[in-house]
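J.: To be precise about what I am sending: the file is called start_6.txt and holds compact mmCIF, C-alpha atoms.
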# COMPACT_ATOMS: atom_id res chain seq x y z
CA MET A 153 7.86 35.38 -3.53
CA LEU A 154 6.11 32.96 -5.86
CA LYS A 155 2.68 31.79 -4.80
CA LEU A 156 2.09 28.05 -4.46
CA GLN A 157 -0.01 27.94 -7.62
CA GLU A 158 2.78 29.68 -9.52
CA PHE A 159 5.26 27.08 -8.30
CA TYR A 160 2.94 24.33 -9.47
CA GLN A 161 2.53 26.02 -12.84
CA GLU A 162 6.29 26.29 -13.18
CA MET A 163 6.51 22.52 -12.65
CA GLY A 164 3.85 21.87 -15.29
CA VAL A 165 0.53 21.79 -13.40
CA SER A 166 -2.05 23.96 -15.14
CA PRO A 167 -4.39 26.29 -13.21
CA ALA A 168 -7.35 24.07 -14.16
CA VAL A 169 -5.73 20.95 -12.69
CA TYR A 170 -4.66 22.86 -9.58
CA GLU A 171 -8.18 24.17 -8.96
CA TYR A 172 -9.70 20.73 -9.51
CA GLY A 173 -7.29 19.32 -6.95
CA GLU A 174 -8.14 22.03 -4.41
CA LYS A 175 -11.84 21.22 -4.63
CA VAL A 176 -11.07 17.57 -3.94
CA CYS A 177 -8.83 18.47 -0.98
CA GLU A 178 -11.54 20.60 0.60
CA LYS A 179 -13.92 17.67 1.02
CA LEU A 180 -11.22 15.38 2.48
CA LYS A 181 -10.37 17.43 5.59
CA LYS A 182 -12.41 15.31 8.02
CA ARG A 183 -11.05 12.08 6.64
CA PHE A 184 -7.48 13.34 6.81
CA ALA A 185 -8.01 14.32 10.45
CA GLU A 186 -9.03 10.73 11.22
CA ILE A 187 -5.82 9.47 9.57
CA ASP A 188 -3.80 11.86 11.73
CA GLN A 189 -5.42 10.37 14.85
CA ILE A 190 -4.30 6.87 13.83
CA ALA A 191 -0.81 8.19 13.15
CA GLU A 192 -0.69 9.78 16.59
CA TYR A 193 -1.66 6.48 18.23
CA ASN A 194 0.94 4.53 16.25
CA GLN A 195 3.58 7.16 16.95
CA ALA A 196 2.97 6.71 20.68
CA LYS A 197 3.20 2.93 20.25
CA VAL A 198 6.60 3.14 18.55
CA LEU A 199 7.93 5.73 20.97
CA ASN A 200 6.82 3.67 23.95
CA ALA A 201 8.63 0.60 22.59
CA MET A 202 11.82 2.59 22.05
CA GLN A 203 11.72 4.03 25.56
CA LYS A 204 10.87 0.66 27.12
CA ASN A 205 13.92 -0.89 25.42
CA ARG A 206 16.20 1.99 26.42
CA VAL A 207 17.32 2.98 22.93
CA SER A 208 20.53 4.99 23.28
CA ALA A 209 23.39 6.36 21.20
CA ALA A 210 25.19 3.06 21.81
CA CYS A 211 22.56 1.38 19.62
CA PHE A 212 23.77 3.35 16.60
CA ALA A 213 27.33 2.01 16.59
CA ALA A 214 28.41 0.22 13.41
CA THR A 215 29.47 -3.42 13.43
CA THR A 216 31.27 -5.45 10.77
CA GLY A 217 32.23 -9.02 10.07
CA TYR A 218 30.29 -11.57 12.08
CA GLY A 219 28.44 -8.88 14.03
CA TYR A 220 28.65 -10.74 17.34
CA ASP A 221 27.19 -8.87 20.33
CA ASP A 222 25.57 -6.21 18.12
CA VAL A 223 23.65 -4.26 20.76
CA GLY A 224 21.85 -1.98 18.29
CA ARG A 225 20.70 -4.81 16.04
CA ASP A 226 19.47 -6.95 18.92
CA ASN A 227 17.69 -4.03 20.58
CA LEU A 228 15.97 -2.99 17.34
CA GLU A 229 14.51 -6.48 17.12
CA LYS A 230 13.13 -6.10 20.65
CA VAL A 231 11.55 -2.78 19.62
CA TYR A 232 9.87 -4.41 16.60
CA ALA A 233 8.66 -7.33 18.72
CA ASP A 234 7.10 -4.91 21.21
CA VAL A 235 5.40 -2.80 18.52
CA PHE A 236 3.98 -5.88 16.78
CA HIS A 237 3.23 -7.61 20.12
CA THR A 238 5.15 -10.77 19.22
CA GLU A 239 7.53 -13.06 21.06
CA ALA A 240 10.43 -12.35 18.72
CA ALA A 241 11.54 -10.43 15.64
CA LEU A 242 14.16 -10.70 12.93
CA VAL A 243 15.02 -7.27 11.45
CA ARG A 244 18.04 -7.37 9.16
CA PRO A 245 19.70 -5.44 6.34
CA GLN A 246 20.75 -8.86 5.01
CA ILE A 247 17.10 -9.34 3.96
CA THR A 248 17.17 -7.66 0.56
CA CYS A 249 13.46 -7.05 -0.09
CA GLY A 250 9.92 -8.09 0.79
CA THR A 251 10.02 -11.13 -1.49
CA HIS A 252 13.25 -12.24 0.19
CA ALA A 253 11.69 -11.85 3.66
CA LEU A 254 8.69 -13.94 2.60
CA THR A 255 10.96 -16.56 1.04
CA VAL A 256 12.96 -16.86 4.26
CA ALA A 257 9.77 -17.20 6.31
CA LEU A 258 8.27 -19.83 4.00
CA SER A 259 11.37 -21.94 3.41
CA ALA A 260 12.26 -21.90 7.13
CA ASN A 261 8.87 -23.19 8.23
CA LEU A 262 8.02 -25.65 5.46
CA LEU A 263 9.66 -29.06 5.05
CA PRO A 264 9.53 -31.61 2.21
CA GLY A 265 6.09 -33.19 2.17
CA ASP A 266 4.39 -30.16 3.67
CA GLU A 267 1.72 -28.21 1.84
CA LEU A 268 1.37 -24.44 1.57
CA LEU A 269 -2.13 -23.00 1.31
CA SER A 270 -3.12 -19.58 -0.02
CA PRO A 271 -6.76 -18.91 0.93
CA VAL A 272 -6.75 -15.49 -0.79
CA GLY A 273 -6.15 -16.49 -4.39
CA LEU A 274 -2.99 -16.19 -6.46
CA PRO A 275 -0.06 -14.62 -4.58
CA TYR A 276 1.85 -11.59 -5.82
CA ASP A 277 3.82 -12.12 -9.02
CA THR A 278 7.31 -12.37 -7.50
CA LEU A 279 6.18 -15.01 -4.99
CA GLN A 280 4.88 -17.30 -7.70
CA GLU A 281 8.39 -18.44 -8.67
CA VAL A 282 9.31 -18.80 -5.00
CA ILE A 283 6.41 -21.24 -4.54
CA GLY A 284 6.86 -22.95 -7.91
CA ILE A 285 3.60 -21.87 -9.51
CA ARG A 286 5.92 -20.62 -12.25
CA GLU A 287 8.93 -22.90 -12.56
CA SER A 288 12.18 -21.64 -11.04
CA PRO A 289 15.34 -23.17 -9.64
CA CYS A 290 15.27 -23.50 -5.81
CA SER A 291 11.49 -23.05 -5.60
CA LEU A 292 9.55 -24.63 -2.74
CA LYS A 293 8.09 -27.05 -5.27
CA GLU A 294 11.57 -28.22 -6.22
CA TYR A 295 12.21 -29.04 -2.55
CA GLY A 296 9.06 -31.13 -2.24
CA VAL A 297 6.60 -28.58 -0.83
CA SER A 298 3.19 -28.77 -2.51
CA TYR A 299 0.86 -25.83 -2.99
CA ARG A 300 -2.90 -25.41 -2.84
CA GLN A 301 -4.96 -22.30 -3.53
CA VAL A 302 -8.51 -21.19 -2.79
CA ASP A 303 -9.68 -18.27 -4.89
CA LEU A 304 -11.70 -15.44 -3.42
CA LEU A 305 -15.42 -15.29 -4.15
CA ALA A 306 -16.72 -12.96 -6.85
CA ASP A 307 -17.35 -10.23 -4.27
CA GLY A 308 -13.76 -10.40 -3.00
CA LYS A 309 -14.64 -12.25 0.22
CA PHE A 310 -13.09 -15.45 1.57
CA ASP A 311 -14.48 -18.75 0.32
CA TYR A 312 -14.76 -20.33 3.76
CA GLU A 313 -16.28 -23.58 2.52
CA GLY A 314 -13.53 -23.91 -0.10
CA ILE A 315 -10.88 -23.23 2.56
CA ARG A 316 -12.37 -25.87 4.85
CA LYS A 317 -12.15 -28.45 2.06
CA ALA A 318 -8.58 -27.43 1.12
CA ILE A 319 -7.09 -27.89 4.60
CA ASN A 320 -5.75 -31.43 5.02
CA GLU A 321 -3.19 -33.43 6.97
CA LYS A 322 -0.34 -32.02 4.86
CA THR A 323 -1.30 -28.35 5.35
CA ARG A 324 1.55 -26.87 7.36
CA LEU A 325 1.48 -23.15 6.58
CA VAL A 326 -1.16 -20.70 5.36
CA THR A 327 0.02 -17.54 3.61
CA ILE A 328 -2.32 -14.53 3.68
CA GLN A 329 -1.50 -11.57 1.45
CA ARG A 330 -2.96 -8.48 3.10
CA SER A 331 -2.57 -6.08 0.18
CA LYS A 332 -3.89 -6.57 -3.33
CA GLY A 333 -0.63 -7.04 -5.22
CA TYR A 334 -1.22 -6.67 -8.96
CA ALA A 335 -4.89 -7.57 -8.62
CA THR A 336 -7.91 -5.31 -8.37
CA ARG A 337 -9.38 -6.93 -5.29
CA PRO A 338 -9.91 -5.27 -1.92
CA THR A 339 -7.14 -5.16 0.65
CA PHE A 340 -8.11 -7.07 3.78
CA SER A 341 -8.59 -5.29 7.08
CA VAL A 342 -6.82 -6.59 10.16
CA THR A 343 -10.21 -7.62 11.53
CA GLN A 344 -10.98 -9.68 8.41
CA ILE A 345 -7.57 -11.34 8.63
CA GLY A 346 -8.21 -12.17 12.28
CA GLU A 347 -11.53 -13.81 11.40
CA LEU A 348 -9.84 -15.87 8.68
CA ILE A 349 -7.05 -16.98 11.02
CA ALA A 350 -9.55 -17.96 13.72
CA PHE A 351 -11.49 -20.03 11.19
CA ILE A 352 -8.34 -21.81 10.00
CA LYS A 353 -7.03 -22.45 13.53
CA ASP A 354 -10.39 -23.89 14.53
CA ILE A 355 -10.01 -26.48 11.77
CA LYS A 356 -6.28 -27.15 12.33
CA PRO A 357 -4.82 -25.51 15.46
CA ASP A 358 -1.17 -26.37 14.69
CA VAL A 359 -1.11 -24.72 11.25
CA VAL A 360 1.22 -21.73 10.93
CA CYS A 361 -0.51 -18.57 9.69
CA MET A 362 1.80 -16.09 7.98
CA VAL A 363 0.66 -12.63 6.82
CA ASP A 364 2.39 -10.73 4.04
CA ASN A 365 2.04 -7.35 5.73
CA CYS A 366 3.67 -5.27 2.97
CA TYR A 367 2.04 -1.83 2.52
CA GLY A 368 -0.23 -2.33 5.52
CA GLU A 369 1.91 -1.43 8.53
CA PHE A 370 0.58 1.49 10.63
CA VAL A 371 -2.49 2.10 8.45
CA GLU A 372 -4.58 0.77 11.34
CA THR A 373 -3.95 0.83 15.08
CA ILE A 374 -3.55 -2.95 15.18
CA GLU A 375 -1.49 -5.40 13.11
CA PRO A 376 -2.20 -9.00 12.02
CA SER A 377 0.02 -10.22 14.86
CA ASP A 378 -2.59 -8.78 17.25
CA VAL A 379 -5.27 -11.08 15.83
CA GLY A 380 -3.54 -14.45 15.76
CA ALA A 381 -0.92 -14.39 12.99
CA ASP A 382 2.10 -16.57 13.81
CA MET A 383 4.30 -14.45 11.54
CA VAL A 384 3.98 -11.00 9.97
CA VAL A 385 6.47 -10.22 7.24
CA GLY A 386 7.44 -7.05 5.41
CA SER A 387 10.04 -4.85 3.77
CA LEU A 388 11.92 -1.95 5.35
CA ILE A 389 11.83 0.03 2.10
CA LYS A 390 8.07 0.09 2.42
CA ASN A 391 6.08 1.38 5.41
CA PRO A 392 8.19 0.52 8.47
CA GLY A 393 11.42 1.99 7.09
CA GLY A 394 9.88 5.45 7.02
CA GLY A 395 11.76 6.31 3.84
CA LEU A 396 15.13 6.25 5.62
CA ALA A 397 15.93 2.53 5.65
CA PRO A 398 18.13 1.85 2.59
CA ILE A 399 17.51 -1.91 2.63
CA GLY A 400 16.13 -4.65 4.84
CA GLY A 401 13.15 -6.70 5.88
CA TYR A 402 11.47 -7.94 9.02
CA ILE A 403 9.78 -11.07 10.33
CA CYS A 404 7.88 -10.78 13.62
CA GLY A 405 6.17 -13.71 15.25
CA THR A 406 6.42 -16.65 17.60
CA ALA A 407 9.87 -17.45 18.95
CA GLU A 408 9.80 -20.85 17.22
CA CYS A 409 8.96 -19.41 13.79
CA VAL A 410 11.41 -16.52 14.05
CA ASN A 411 14.24 -18.77 15.28
CA ARG A 412 13.78 -21.00 12.25
CA CYS A 413 13.81 -17.91 10.01
CA ALA A 414 17.09 -16.77 11.57
CA TYR A 415 18.66 -20.18 10.90
CA ARG A 416 17.47 -20.07 7.32
CA LEU A 417 18.73 -16.51 6.76
CA SER A 418 22.21 -17.23 8.16
CA ALA A 419 22.96 -20.90 8.81
CA PRO A 420 21.89 -23.72 11.11
CA GLY A 421 23.59 -23.22 14.46
CA LEU A 422 24.24 -19.51 13.86
CA GLY A 423 20.78 -17.95 13.72
CA GLN A 424 20.46 -14.42 15.07
CA GLU A 425 23.96 -14.33 16.54
CA VAL A 426 25.54 -13.20 13.26
CA GLY A 427 24.80 -10.39 10.82
CA ALA A 428 26.66 -7.08 11.10
CA ASN A 429 24.63 -3.87 10.88
CA LEU A 430 27.26 -2.10 8.70
CA GLY A 431 26.40 1.30 10.17
CA LEU A 432 22.73 1.25 9.18
CA MET A 433 21.25 1.40 12.67
CA PRO A 434 20.54 5.17 12.80
CA ALA A 435 18.52 4.93 9.57
CA LEU A 436 16.63 1.81 10.70
CA TYR A 437 15.76 3.25 14.11
CA GLN A 438 14.87 6.73 12.88
CA GLY A 439 12.95 5.37 9.90
CA PHE A 440 10.84 3.19 12.18
CA PHE A 441 10.26 6.19 14.46
CA LEU A 442 9.03 8.31 11.52
CA ALA A 443 7.02 5.51 9.89
CA PRO A 444 3.58 6.28 11.42
CA THR A 445 3.52 9.86 10.09
CA VAL A 446 5.08 8.89 6.76
CA VAL A 447 2.44 6.19 6.29
CA ALA A 448 -0.27 8.75 7.09
CA SER A 449 1.06 11.00 4.32
CA ALA A 450 1.09 8.13 1.84
CA GLU A 451 -2.45 7.13 2.80
CA LYS A 452 -3.67 10.69 2.24
CA GLY A 453 -2.09 10.61 -1.21
CA ALA A 454 -3.89 7.37 -2.06
CA ILE A 455 -7.27 8.76 -0.94
CA PHE A 456 -6.64 11.97 -2.87
CA ALA A 457 -5.86 9.92 -6.00
CA ALA A 458 -9.12 7.96 -5.77
CA ASN A 459 -11.16 11.12 -5.23
CA LEU A 460 -9.42 12.83 -8.13
CA TYR A 461 -9.76 10.03 -10.69
CA GLN A 462 -13.05 8.31 -9.83
CA PRO A 463 -15.27 11.29 -10.80
CA LEU A 464 -13.47 11.30 -14.16
CA GLY A 465 -14.77 7.82 -14.96
CA PHE A 466 -11.88 5.61 -13.82
CA LYS A 467 -12.49 2.60 -11.59
CA CYS A 468 -10.56 2.89 -8.35
CA VAL A 469 -9.82 0.10 -5.84
CA PRO A 470 -10.55 0.95 -3.10
CA ASP A 471 -13.08 3.49 -4.28
CA ALA A 472 -13.17 7.10 -3.18
CA GLU A 473 -15.29 6.45 -0.08
CA GLU A 474 -14.16 3.02 1.17
CA SER A 475 -12.19 2.47 4.35
CA ARG A 476 -8.49 1.82 3.76
CA HIS A 477 -6.22 -0.94 5.01
CA ASP A 478 -3.01 -0.27 3.06
CA ILE A 479 -1.34 2.58 1.15
CA ILE A 480 -1.97 1.19 -2.34
CA GLN A 481 -4.38 2.87 -4.73
CA ALA A 482 -5.26 0.91 -7.86
CA ILE A 483 -6.66 2.93 -10.77
CA GLU A 484 -7.80 1.22 -13.96
CA LEU A 485 -6.55 3.49 -16.74
CA LYS A 486 -8.06 1.52 -19.65
CA SER A 487 -4.94 1.48 -21.89
CA GLU A 488 -1.17 1.11 -22.01
CA GLU A 489 -1.02 4.77 -23.10
CA GLY A 490 -2.87 5.76 -19.94
CA MET A 491 -0.40 3.85 -17.75
CA ILE A 492 2.57 5.46 -19.49
CA ALA A 493 1.09 8.94 -19.12
CA PHE A 494 0.18 8.44 -15.46
CA CYS A 495 3.59 7.05 -14.54
CA GLY A 496 5.23 9.84 -16.52
CA GLY A 497 3.50 12.35 -14.25
CA ILE A 498 4.64 10.57 -11.08
CA GLN A 499 8.21 10.47 -12.37
CA ALA A 500 8.11 14.13 -13.34
CA ALA A 501 7.15 15.01 -9.77
CA ALA A 502 10.07 13.07 -8.26
CA PRO A 503 13.05 14.63 -6.47
CA VAL A 504 15.37 12.12 -8.19
CA ASP A 505 15.47 11.37 -11.94
CA SER A 506 12.51 13.66 -12.62
CA PHE A 507 13.82 14.04 -16.18
CA ALA A 508 13.47 10.31 -16.95
CA THR A 509 10.56 8.78 -18.88
CA PRO A 510 9.20 5.48 -17.49
CA LEU A 511 8.55 2.80 -20.13
CA PRO A 512 7.40 -0.83 -19.85
CA TRP A 513 10.19 -3.43 -19.59
CA GLU A 514 10.84 -7.09 -18.87
CA MET A 515 11.40 -7.00 -15.12
CA PRO A 516 12.88 -10.01 -13.25
CA GLY A 517 10.23 -12.03 -11.42
CA TYR A 518 7.25 -10.86 -13.52
CA SER A 519 5.48 -12.65 -16.37
CA ASP A 520 4.30 -9.43 -18.09
CA LYS A 521 6.10 -6.24 -18.97
CA VAL A 522 5.96 -3.82 -16.04
CA ILE A 523 6.12 -0.04 -15.97
CA MET A 524 7.52 1.64 -12.87
CA ALA A 525 7.83 5.27 -11.89
CA ALA A 526 10.06 5.74 -8.86
CA GLY A 527 12.30 8.76 -8.62
CA ALA A 528 13.36 7.70 -5.14
CA PHE A 529 16.26 8.32 -2.79
CA VAL A 530 16.29 4.54 -2.17
CA GLN A 531 16.04 2.42 -5.32
CA GLY A 532 12.66 0.68 -5.46
CA SER A 533 11.42 2.27 -2.25
CA SER A 534 7.64 2.16 -2.56
CA ILE A 535 7.02 4.18 0.59
CA GLU A 536 8.41 7.00 -1.54
CA LEU A 537 6.23 8.45 -4.29
CA SER A 538 5.89 5.71 -6.89
CA ALA A 539 3.55 3.98 -9.30
CA ASP A 540 3.77 0.74 -11.21
CA GLY A 541 1.78 -1.99 -12.86
CA PRO A 542 1.89 -4.87 -15.35
CA ILE A 543 0.96 -4.08 -18.94
CA ARG A 544 -2.16 -6.20 -19.16
CA PRO A 545 -5.92 -5.60 -18.92
CA PRO A 546 -7.50 -3.82 -17.11
CA TYR A 547 -4.34 -1.66 -17.37
CA ALA A 548 -4.39 -0.83 -13.69
CA VAL A 549 -1.66 1.32 -12.21
CA TYR A 550 -0.80 0.91 -8.54
CA PHE A 551 0.03 4.22 -6.91
CA GLN A 552 1.66 4.34 -3.49
CA GLY A 553 3.95 6.28 -1.23
CA GLY A 554 4.86 9.85 -0.60
CA LEU A 555 7.15 10.73 2.30
CA THR A 556 5.11 13.89 2.76
CA TRP A 557 1.48 14.62 1.92
CA PRO A 558 2.36 17.72 -0.16
CA HIS A 559 4.66 15.64 -2.36
CA ALA A 560 2.04 12.91 -2.80
CA LYS A 561 -0.46 15.60 -3.77
CA LEU A 562 1.88 17.10 -6.36
CA GLY A 563 2.57 13.67 -7.86
CA ILE A 564 -1.12 12.95 -8.38
CA LEU A 565 -1.72 16.38 -9.91
CA MET A 566 1.21 15.82 -12.28
CA SER A 567 -0.19 12.41 -13.28
CA LEU A 568 -3.52 14.02 -14.11
CA GLN A 569 -1.78 16.75 -16.09
CA LYS A 570 0.11 14.19 -18.18
CA MET A 571 -3.15 12.32 -18.86
CA ILE A 572 -4.72 15.57 -20.06
CA ASP A 573 -1.67 16.41 -22.19
CA ALA A 574 -1.97 12.98 -23.84
CA ASN A 575 -5.64 13.69 -24.66
CA LEU A 576 -6.77 10.83 -22.43
CA ILE A 577 -8.78 12.99 -20.02
CA THR A 578 -10.81 16.16 -20.32
CA LEU A 579 -11.67 18.13 -17.20
As C-alpha cells, what does this structure read like?
T.:
Amino acid sequence: MLKLQEFYQEMGVSPAVYEYGEKVCEKLKKRFAEIDQIAEYNQAKVLNAMQKNRVSAACFAATTGYGYDDVGRDNLEKVYADVFHTEAALVRPQITCGTHALTVALSANLLPGDELLSPVGLPYDTLQEVIGIRESPCSLKEYGVSYRQVDLLADGKFDYEGIRKAINEKTRLVTIQRSKGYATRPTFSVTQIGELIAFIKDIKPDVVCMVDNCYGEFVETIEPSDVGADMVVGSLIKNPGGGLAPIGGYICGTAECVNRCAYRLSAPGLGQEVGANLGLMPALYQGFFLAPTVVASAEKGAIFAANLYQPLGFKCVPDAEESRHDIIQAIELKSEEGMIAFCGGIQAAAPVDSFATPLPWEMPGYSDKVIMAAGAFVQGSSIELSADGPIRPPYAVYFQGGLTWPHAKLGILMSLQKMIDANLITL
C-alpha cells in the first residue's frame, strides 16, 4: 500500500513541500480543535431546527409546474428561519446565485426616490452593475434609486462620523457586505456588524439593514440576523449548501422584507405560493445538514494557506494569527504569473477538470480580467476547493472552499508546488 507521502508525490507534491506543510499543520492543532467546537454547536443548531420542523421523507418529494402546496419547500424555509432566528425565509432554486439573491432583496425593498447606503465601501464587483455604479440596463439607478457610499477608514474600521453624515431622509436600506469581496480589507465579525447596525438604527430606526452573508455562514456560532439585521442573504452554492446544493439562494429576515422579496422573485400576488422544487429537496436539506462541518473544513484550509504563505513573504488577509469570520483567504501574490501558478495548483488538485489550465478571461459582471480555478462538482461552487481573483494590483488571489479538510490541504500544497515550479518561491 502506498504511503500518504507517496500518493502526494504521485500527484506532483515534492517531499520538501510535503514536509513544510506537515510542520505548519503541527502548530495548528489547537486552533483546528476550536473550529471543530464551533462546527459541533452549529451542527446541533441545524439538527434541532430540522427535528423541530418534523423533516420527513415526504419533504423530499419532487414538485413541478406551479409548485402549489410544496411541503418540502415550505418546510425547508421554516428550517432556515429557525436556524437564522428570523421571522421568515425564502430559500429557492429559482434564485440562481448570490448576486441574484442580493438583487431580489434590494429591488424588492427599494422604491423610486429611495437611497441605498453602503457604509463599508465599494460593494463586490458583480453588485456594482446591479446598483448602477457601473451602468447597466435594469440597474437600481435606472429605476430611480440613488446610491451613497462611505469608505472604510485606513485601518479597515467603520467611519462612524461619515456614516452619520450620509444617512438622510431618503436613506431606505443599508447594505453591509460581511466578506471582503475582491478587496484586501478585513472581513467583519458578527459582533462588529451588530455594533454597526445598532449605530445606524439609533440614527434612523426605520432603515432596513441587509447583510450580504456570503462566505460567512456557520463560521461563528451566531449570524448577523442575531444582532439586528433585517435581512441576511446568501448563495446555496457557498456555505449553506454544504457542497450538495446544485443551485439556489436564500433570504432570511423580517416577514415584511421576505414577503416583498417573494413577490419580486415570482410576481405580485403570487409570492411564496409558487416555485416548484424540481426534485432538489434532498440535496438542499442534506447540504444544509452537512454545512457546519463542511464550512469547518474550508476554514481550516484557509488558515493553513495563511500559515503556509505568510512565512514565505506574502501578505495574507486575514493574517496567519487573526481570528476568522469567513472562509476566504486573500494572498497577495505580487504578479499575474503568481496568480496563474497558484490557481494552476488548485485546479490540478481538483476532482473535476484537474487537467485544465486556468487563465485570465473577460468574465461577465467584472471590470477586469478574472482568473478562476474551480474543478467542482457544481459549476462555480465556491464552497468547493476554488481560487479566483481579478488581474490587477496587488495581484491578490482569493482562496476558499474544500468539502473536506484533507482536500483543502492538498490544494494548498499543490498551489505552493506550482509556485516553486514557476521559480516564484524558494523554500
J.: At what distance in Å, to one decimal, does atom CA of Gln203 of chain A lie from atom CA of Gly427 of chain A?
T.: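 These two atoms are separated by 24.4 Å.
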J.: Considering all atoms listed in the file, can you say which of A:Ala260, A:Val302, A:Ala428, A:Leu199 comes closest to Tyr415 of chain A?
T.: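 Ranked by minimum distance to Tyr415 of chain A, first place goes to A:Ala260.
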J.: For Phe370 of chain A, find every residue with an atom within 10 Å (counting only C-alpha atoms), except residues of its own chain fewer than 5 positions away, and show them as a PyMOL selection string.
T.: chain A and resi 190-191+193-195+375+391-392+443-448+477-479
J.: Compare A:Leu442, A:Leu304, A:Pro546, A:Phe340 by their minimum atom-to-atom distance to Ser487 of chain A, counting only C-alpha atoms, and give me the closest one.
T.: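 Nearest to Ser487 of chain A: A:Pro546.
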J.: Tell me, as a PyMOL selection string, which residues lie within 12 Å of Lys181 of chain A, counting all atoms listed in the file; anything in the same chain fewer than 6 positions away does not count.
T.: chain A and resi 174-175+187-188+452+455-456
J.: Which of these, A:Arg225, A:Arg316, A:Lys390, A:Lys204, has the shortest distance to Leu269 of chain A once you count only C-alpha atoms?
T.: A:Arg316
J.: When you count all atoms listed in the file, which of these residues is closest to Thr578 of chain A: A:Pro558, A:Pro271, A:Tyr172, A:Ala257?
T.: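 Looking only at the distances to Thr578 of chain A, the closest residue turns out to be A:Tyr172.
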J.: Taking a cut-off of 12 Å and counting all atoms listed in the file, can you build a table that, for each residue of segment 215-296 of chain A near segment 523-534 of chain A, reports the nearest atom pair and how far apart they are in Å (one decimal), sorted by chain then residue number, as a tab-separated table?
T.:
residue	atom	partner	partner_atom	distance
A:Thr248	CA	A:Gly532	CA	11.2
A:Cys249	CA	A:Gly532	CA	9.4
A:Gly250	CA	A:Ser533	CA	10.9
J.: Dig up all the protein and nucleic acid residues within 12 Å of (-3.0, 11.9, -24.6) in the file frame, using all atoms listed in the file, and format them as a list in words.
T.: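 Looking at atoms near the point gives Ser487, Glu488, Glu489, Gly490, Met491, Ile492, Ala493, Phe494, Gly496, Ser567, Leu568, Gln569, Lys570, Met571, Ile572, Asp573, Ala574, Asn575, Leu576, Ile577 and Thr578 of chain A.
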J.: Residues at most 8 Å from Arg476 of chain A, counting only C-alpha atoms, excluding those fewer than 6 positions away in the same chain, as a PyMOL selection string?
T.: chain A and resi 339+341+371+470
J.: For segment 336-348 of chain A, supply N, CA and C atoms and format the output as a compact mmCIF listing (two decimals), keeping the file's coordinate frame.
T.:
# COMPACT_ATOMS: atom_id res chain seq x y z
N THR A 336 -6.97 -6.38 -8.74
CA THR A 336 -7.91 -5.31 -8.37
C THR A 336 -8.96 -5.87 -7.43
N ARG A 337 -8.47 -6.45 -6.33
CA ARG A 337 -9.38 -6.93 -5.29
C ARG A 337 -9.15 -6.07 -4.05
N PRO A 338 -10.09 -6.09 -3.12
CA PRO A 338 -9.91 -5.27 -1.92
C PRO A 338 -8.73 -5.75 -1.08
N THR A 339 -8.12 -4.81 -0.38
CA THR A 339 -7.14 -5.16 0.65
C THR A 339 -7.93 -5.59 1.89
N PHE A 340 -7.40 -6.56 2.62
CA PHE A 340 -8.11 -7.07 3.78
C PHE A 340 -7.79 -6.25 5.03
N SER A 341 -8.80 -5.97 5.81
CA SER A 341 -8.59 -5.29 7.08
C SER A 341 -7.97 -6.26 8.07
N VAL A 342 -7.39 -5.74 9.12
CA VAL A 342 -6.82 -6.59 10.16
C VAL A 342 -7.92 -7.43 10.80
N THR A 343 -9.09 -6.87 10.97
CA THR A 343 -10.21 -7.62 11.53
C THR A 343 -10.59 -8.80 10.64
N GLN A 344 -10.67 -8.59 9.34
CA GLN A 344 -10.98 -9.68 8.41
C GLN A 344 -9.92 -10.78 8.48
N ILE A 345 -8.66 -10.36 8.55
CA ILE A 345 -7.57 -11.34 8.63
C ILE A 345 -7.69 -12.14 9.92
N GLY A 346 -8.03 -11.48 11.00
CA GLY A 346 -8.21 -12.17 12.28
C GLY A 346 -9.33 -13.20 12.21
N GLU A 347 -10.42 -12.87 11.56
CA GLU A 347 -11.53 -13.81 11.40
C GLU A 347 -11.11 -15.02 10.58
N LEU A 348 -10.32 -14.77 9.52
CA LEU A 348 -9.84 -15.87 8.68
C LEU A 348 -8.91 -16.78 9.48
